[in-house]
Amino acid sequence: MEFNMNCLNFLLGVDAGIVVLISVLFALAGIGGGIGIGILIYKAYTKKTVGGVKDECERMKREAREESKTYLKEAKIEAKEEQHRLRKEFERESKEQKAEIARNEQRVAQREDQLVKRELAIDKKSDAVDEKKKQLEDKEKELENIEQELQSAHSKMLEELEKVAKLTQDEAKDILMNELIDDVKKYAAVTAKEIEQKAKDEAEKKAKNIVGMAIQRCAADHASEIAVSVVQLPNEDMKGRLIGRVGRNIRAIENSTGVDLIIDDTPDVVTVSGFDPVRREIAKLTIERLVADGRIHPAKIEETVEKVKREIEQQMKEAGENAAFDANVYGLHPEIIKLLGRLKYRTSYGQNVLNHSLEVSYLAGMMAAELGADVKIAKRAGLLHDIGKAVDHEVEGTHVSIGVEIAKKFKEQRAVIHAIEAHHGDVEPTTLEAIIVQAADAISGARPGARRESLENYVKRLEKLEGVANSFEGVEQSYAIQAGREIRVIVKPEVIDDEATTFMAKDIAKKIEAELEYPGQIKVNVIREVRQVEYAK
């Protein structure tokens, strides 16, 4: 119905223009007669047009029915084909699933067969285990019987042995244990001696090479310094001028410089005596300039002393800078450089401390390079290890503790501070650089001619060394040789055996390290000698 109405509307819309055109034509021909004729024509045309439209609509309906039947047939065919395809896929998948189920069932059946076989094997093994267990139980019973028989036989044997040996079981155990301990001690001593000797040989060989090379590359000259300075005078009359009227000039010099002037019968010489080398140097230069100037009176003396002090301070600063430059050590605090320069006028056992510090820095750097240690740390610590001696006349404490405080105050590295603290063994060295500085310090101080020592102190040191060795039981005699660098200990052979000499040497060395102070190292040589004497009659 909706389709028919649409067709009708379309035709009416198309023919409406034609009708209007014809009506206009008739109107032009004649209004009166034309209107009637037009109405008849319009009715006839409308009837004809409506009939055509109905026919067209019927034709379109038939075509639509035929097309819908065709589409329906095609849809049914496609549906049947899709149904047939789906049926085939379903049958194929069903067949595959059935085959997979069959395979799984077969595997399950095989597994069941395997499990059945394993159960049978386990049953057989359990039977065998039960049989072996019974056999073991029987053997255990036999062993228990045998053990009881052995225990009774052992008890009887012990009773017989105690009767024969006249010793109890505990006493015999003690004897055997003591013998075993003695054997183990001897074996341990021999083994330890062999291992230690081998390690010492290898270490000594390598150490000698490194130390020898370092000493060879740093062959420094040494000249011992003393606590007095000598000033040459042009004539004897100058002594009187230095003394002045009622001694005012000599008192002014001594008060301004803090030293003692010794004017004696020695011709043309004035001796300046003082423990502080800086003051001694100031006094020496002051006297030399006063003698050269010729004007000697208290005001001139004070003026000259102040001028010389400023020059000495500048020289000390330059000496510190030159020392740091020569040692290739940079970044030092200006105050440390000043203190380093003061060491130029400081001596230790007659050895100039600044030269000694430079030498230790050189030696430490060379040994650190050979051993793979930090060369910069070793050289820096070697240069600063005796920095405390610059002010140890003014500050209480050892030069080691003073040096540590100075290094901490001016933010030195922790490794450098530790090396300063450990270079005399006040603390145990924990870094390779600290050990190297310790060794370099000993080498520099132990060079022949580097330091001097009074005869009294030298004799006392040797006596103390021999006293430490003689304090051990079994020592017959001891001799300090090579200026106290070696101690030979002769033991009583009936008291100390060969193995015990190893332990005695270690104990003597430890006691020397704990009780004595000495430069370098001391070799402890323990000697055991057995002599047999017979007379032919």
# chains A, B, ... in the order shown; residues from 1 in each chain; ligands from 1
call {"tool": "residues_around", "arguments": {"residues": "segment 307-319 of chain A", "least_positions_apart": "6", "cutoff": "7 Å", "atoms": "only C-alpha atoms", "output": "count of residues only"}}
result
7
call {"tool": "select_by_dssp", "arguments": {"residues": "segment 344-473 of chain A", "states": "strand (DSSP E)", "output": "VMD selection string"}}
result
chain A and resid 347 to 348 351 to 352
call {"tool": "closest_atom_pairs", "arguments": {"of": "segment 234-317 of chain A", "to": "segment 387-405 of chain A", "cutoff": "12 Å", "atoms": "only C-alpha atoms", "output": "Markdown table"}}
result
| residue | atom | partner | partner_atom | distance |
| --- | --- | --- | --- | --- |
| A:Phe275 | CA | A:His393 | CA | 9.1 |
| A:Asp276 | CA | A:His393 | CA | 7.6 |
| A:Pro277 | CA | A:Ala390 | CA | 10.5 |
| A:Val278 | CA | A:Ala390 | CA | 10.1 |
| A:Arg279 | CA | A:His393 | CA | 11.7 |
| A:Met316 | CA | A:Ala390 | CA | 11.1 |
call {"tool": "select_by_dssp", "arguments": {"residues": "segment 143-347 of chain A", "states": "alpha helix (DSSP H)", "output": "PyMOL selection string"}}
result
chain A and resi 143-165+169-217+237-243+248-257+277-293+298-326+334-342
call {"tool": "write_last_selection", "arguments": {"atoms": "C-alpha atoms", "output": "compact mmCIF listing (two decimals), in the first residue's frame"}}
result
# COMPACT_ATOMS: atom_id res chain seq x y z
CA LEU A 143 78.74 -58.28 66.68
CA GLU A 144 77.28 -57.45 70.08
CA ASN A 145 78.34 -60.85 71.34
CA ILE A 146 81.81 -60.38 69.83
CA GLU A 147 82.08 -56.85 71.28
CA GLN A 148 81.15 -58.11 74.72
CA GLU A 149 83.78 -60.82 74.41
CA LEU A 150 86.34 -58.20 73.25
CA GLN A 151 85.47 -55.86 76.11
CA SER A 152 85.93 -58.64 78.61
CA ALA A 153 89.19 -59.65 76.92
CA HIS A 154 90.30 -55.96 76.83
CA SER A 155 89.52 -55.56 80.52
CA LYS A 156 91.49 -58.69 81.33
CA MET A 157 94.36 -57.46 79.13
CA LEU A 158 94.37 -54.04 80.84
CA GLU A 159 94.44 -55.70 84.23
CA GLU A 160 97.36 -57.86 83.13
CA LEU A 161 99.17 -54.83 81.63
CA GLU A 162 98.64 -52.74 84.78
CA LYS A 163 100.04 -55.64 86.82
CA VAL A 164 103.06 -55.98 84.52
CA ALA A 165 103.73 -52.23 83.98
CA GLN A 169 95.34 -46.65 82.69
CA ASP A 170 95.18 -42.88 83.38
CA GLU A 171 98.90 -42.77 84.14
CA ALA A 172 99.68 -44.55 80.88
CA LYS A 173 97.41 -42.12 78.98
CA ASP A 174 99.21 -39.14 80.50
CA ILE A 175 102.59 -40.55 79.50
CA LEU A 176 101.45 -41.21 75.93
CA MET A 177 99.79 -37.81 75.69
CA ASN A 178 102.92 -36.00 76.89
CA GLU A 179 105.08 -37.90 74.42
CA LEU A 180 102.63 -37.13 71.63
CA ILE A 181 102.57 -33.41 72.55
CA ASP A 182 106.37 -33.28 72.56
CA ASP A 183 106.49 -34.93 69.14
CA VAL A 184 103.89 -32.52 67.77
CA LYS A 185 105.74 -29.52 69.21
CA LYS A 186 109.00 -30.64 67.65
CA TYR A 187 107.34 -31.27 64.31
CA ALA A 188 105.53 -27.91 64.46
CA ALA A 189 108.74 -26.11 65.37
CA VAL A 190 110.64 -27.74 62.52
CA THR A 191 107.86 -27.03 60.03
CA ALA A 192 107.44 -23.46 61.25
CA LYS A 193 111.16 -22.91 61.04
CA GLU A 194 111.28 -24.20 57.45
CA ILE A 195 108.30 -22.09 56.38
CA GLU A 196 109.58 -19.00 58.17
CA GLN A 197 113.06 -19.43 56.75
CA LYS A 198 111.71 -19.77 53.23
CA ALA A 199 109.48 -16.70 53.63
CA LYS A 200 112.34 -14.74 55.20
CA ASP A 201 114.70 -15.65 52.38
CA GLU A 202 112.25 -14.54 49.71
CA ALA A 203 111.17 -11.41 51.58
CA GLU A 204 114.73 -10.48 52.51
CA LYS A 205 115.90 -10.90 48.94
CA LYS A 206 113.14 -8.68 47.57
CA ALA A 207 113.45 -6.17 50.41
CA LYS A 208 117.22 -5.90 49.92
CA ASN A 209 116.75 -5.24 46.24
CA ILE A 210 114.16 -2.50 46.85
CA VAL A 211 116.03 -0.88 49.75
CA GLY A 212 119.38 -1.15 47.99
CA MET A 213 118.01 0.43 44.85
CA ALA A 214 116.36 3.24 46.87
CA ILE A 215 119.57 3.94 48.81
CA GLN A 216 121.63 3.85 45.61
CA ARG A 217 119.31 6.32 43.87
CA ASP A 237 140.28 43.61 70.48
CA MET A 238 136.84 42.75 69.07
CA LYS A 239 136.19 40.45 72.05
CA GLY A 240 136.35 43.43 74.39
CA ARG A 241 134.00 45.44 72.23
CA LEU A 242 131.52 42.53 72.18
CA ILE A 243 131.66 42.37 75.97
CA ARG A 248 126.37 45.48 78.71
CA ASN A 249 126.88 44.43 75.07
CA ILE A 250 127.19 40.71 75.77
CA ARG A 251 124.13 40.84 78.05
CA ALA A 252 122.16 42.65 75.35
CA ILE A 253 123.11 39.99 72.78
CA GLU A 254 122.23 37.13 75.13
CA ASN A 255 118.94 38.70 76.22
CA SER A 256 117.86 39.51 72.64
CA THR A 257 118.76 36.15 71.12
CA PRO A 277 119.28 26.16 66.37
CA VAL A 278 117.15 29.07 65.12
CA ARG A 279 118.21 31.28 68.01
CA ARG A 280 121.80 30.15 67.56
CA GLU A 281 121.72 31.10 63.88
CA ILE A 282 120.18 34.50 64.68
CA ALA A 283 122.89 35.18 67.25
CA LYS A 284 125.65 34.08 64.88
CA LEU A 285 124.45 36.33 62.03
CA THR A 286 123.91 39.23 64.45
CA ILE A 287 127.49 39.02 65.76
CA GLU A 288 128.91 38.72 62.24
CA ARG A 289 127.04 41.86 61.12
CA LEU A 290 127.94 43.82 64.24
CA VAL A 291 131.60 42.93 63.76
CA ALA A 292 131.42 43.95 60.09
CA ASP A 293 129.64 47.23 60.94
CA PRO A 298 122.65 47.82 72.93
CA ALA A 299 120.41 49.84 70.57
CA LYS A 300 122.32 48.67 67.50
CA ILE A 301 122.28 45.12 68.82
CA GLU A 302 118.48 45.10 69.22
CA GLU A 303 118.00 46.65 65.78
CA THR A 304 120.31 44.10 64.14
CA VAL A 305 118.63 41.19 65.96
CA GLU A 306 115.16 42.23 64.71
CA LYS A 307 116.42 42.59 61.16
CA VAL A 308 118.15 39.18 61.26
CA LYS A 309 114.99 37.57 62.69
CA ARG A 310 112.91 38.84 59.75
CA GLU A 311 115.55 37.58 57.32
CA ILE A 312 115.68 34.17 59.03
CA GLU A 313 111.88 33.87 58.88
CA GLN A 314 111.96 34.66 55.16
CA GLN A 315 114.77 32.14 54.66
CA MET A 316 112.78 29.50 56.55
CA LYS A 317 109.73 30.14 54.37
CA GLU A 318 111.85 29.87 51.23
CA ALA A 319 113.51 26.72 52.58
CA GLY A 320 110.08 25.16 53.17
CA GLU A 321 108.90 26.07 49.67
CA ASN A 322 112.11 24.71 48.12
CA ALA A 323 111.80 21.49 50.12
CA ALA A 324 108.19 20.98 48.97
CA PHE A 325 109.22 21.71 45.39
CA ASP A 326 112.21 19.33 45.54
CA PRO A 334 101.27 27.98 54.13
CA GLU A 335 101.69 27.43 57.89
CA ILE A 336 102.98 23.91 57.29
CA ILE A 337 105.47 25.28 54.77
CA LYS A 338 106.72 27.73 57.44
CA LEU A 339 107.08 24.93 59.97
CA LEU A 340 108.85 22.83 57.36
CA GLY A 341 111.35 25.66 56.84
CA ARG A 342 112.07 25.78 60.58
call {"tool": "closest_residue", "arguments": {"among": "A:Val475, A:Ile435, A:Val270, A:Leu233", "to": "Gly294 of chain A", "atoms": "only C-alpha atoms"}}
result
A:Leu233
call {"tool": "closest_residue", "arguments": {"among": "A:Asp374, A:Glu473, A:Glu236, A:Asp55", "to": "Glu433 of chain A", "atoms": "only C-alpha atoms"}}
result
A:Asp374
call {"tool": "closest_residue", "arguments": {"among": "A:Lys69, A:Ile481, A:Lys376, A:Asp386", "to": "Thr347 of chain A", "atoms": "only C-alpha atoms"}}
result
A:Asp386
call {"tool": "atom_distance", "arguments": {"atom1": "atom CA of His333 of chain A", "atom2": "atom CA of Glu428 of chain A"}}
result
27.2 Å
call {"tool": "atom_distance", "arguments": {"atom1": "atom CA of Cys57 of chain A", "atom2": "atom CA of Lys76 of chain A"}}
result
28.2 Å
call {"tool": "residues_around", "arguments": {"residues": "segment 489-500 of chain A", "least_positions_apart": "2", "cutoff": "8 Å", "atoms": "only C-alpha atoms", "output": "ChimeraX atom specification"}}
result
/A:186,189-190,469,474-479,487,502-504,524-530
call {"tool": "residues_around", "arguments": {"residues": "Lys523 of chain A", "least_positions_apart": "4", "cutoff": "10 Å", "atoms": "only C-alpha atoms", "output": "PyMOL selection string"}}
result
chain A and resi 480-482+484-488+505+509
call {"tool": "atom_distance", "arguments": {"atom1": "atom CA of Ala378 of chain A", "atom2": "atom CA of Ala434 of chain A"}}
result
7.5 Å
call {"tool": "residues_around", "arguments": {"residues": "Ala364 of chain A", "least_positions_apart": "4", "cutoff": "6 Å", "atoms": "only C-alpha atoms", "output": "PyMOL selection string"}}
result
chain A and resi 360+368+378-379+436-437+440
call {"tool": "write_last_selection", "arguments": {"atoms": "N, CA and C atoms", "output": "compact mmCIF listing (two decimals), in the first residue's frame"}}
result
# COMPACT_ATOMS: atom_id res chain seq x y z
N VAL A 360 113.86 11.05 53.49
CA VAL A 360 112.79 10.08 53.76
C VAL A 360 111.72 10.16 52.68
N ALA A 368 107.66 3.05 47.36
CA ALA A 368 106.22 2.95 47.06
C ALA A 368 106.00 2.63 45.58
N ALA A 378 102.97 8.50 50.02
CA ALA A 378 104.23 8.12 50.66
C ALA A 378 105.20 9.30 50.71
N LYS A 379 105.32 10.04 49.62
CA LYS A 379 106.25 11.18 49.59
C LYS A 379 105.76 12.30 50.52
N ILE A 436 106.06 1.90 54.69
CA ILE A 436 107.15 2.39 53.83
C ILE A 436 107.82 3.60 54.46
N VAL A 437 107.03 4.54 55.01
CA VAL A 437 107.60 5.72 55.67
C VAL A 437 108.43 5.30 56.89
N ALA A 440 111.68 3.93 55.52
CA ALA A 440 112.51 5.00 54.97
C ALA A 440 113.13 5.85 56.08
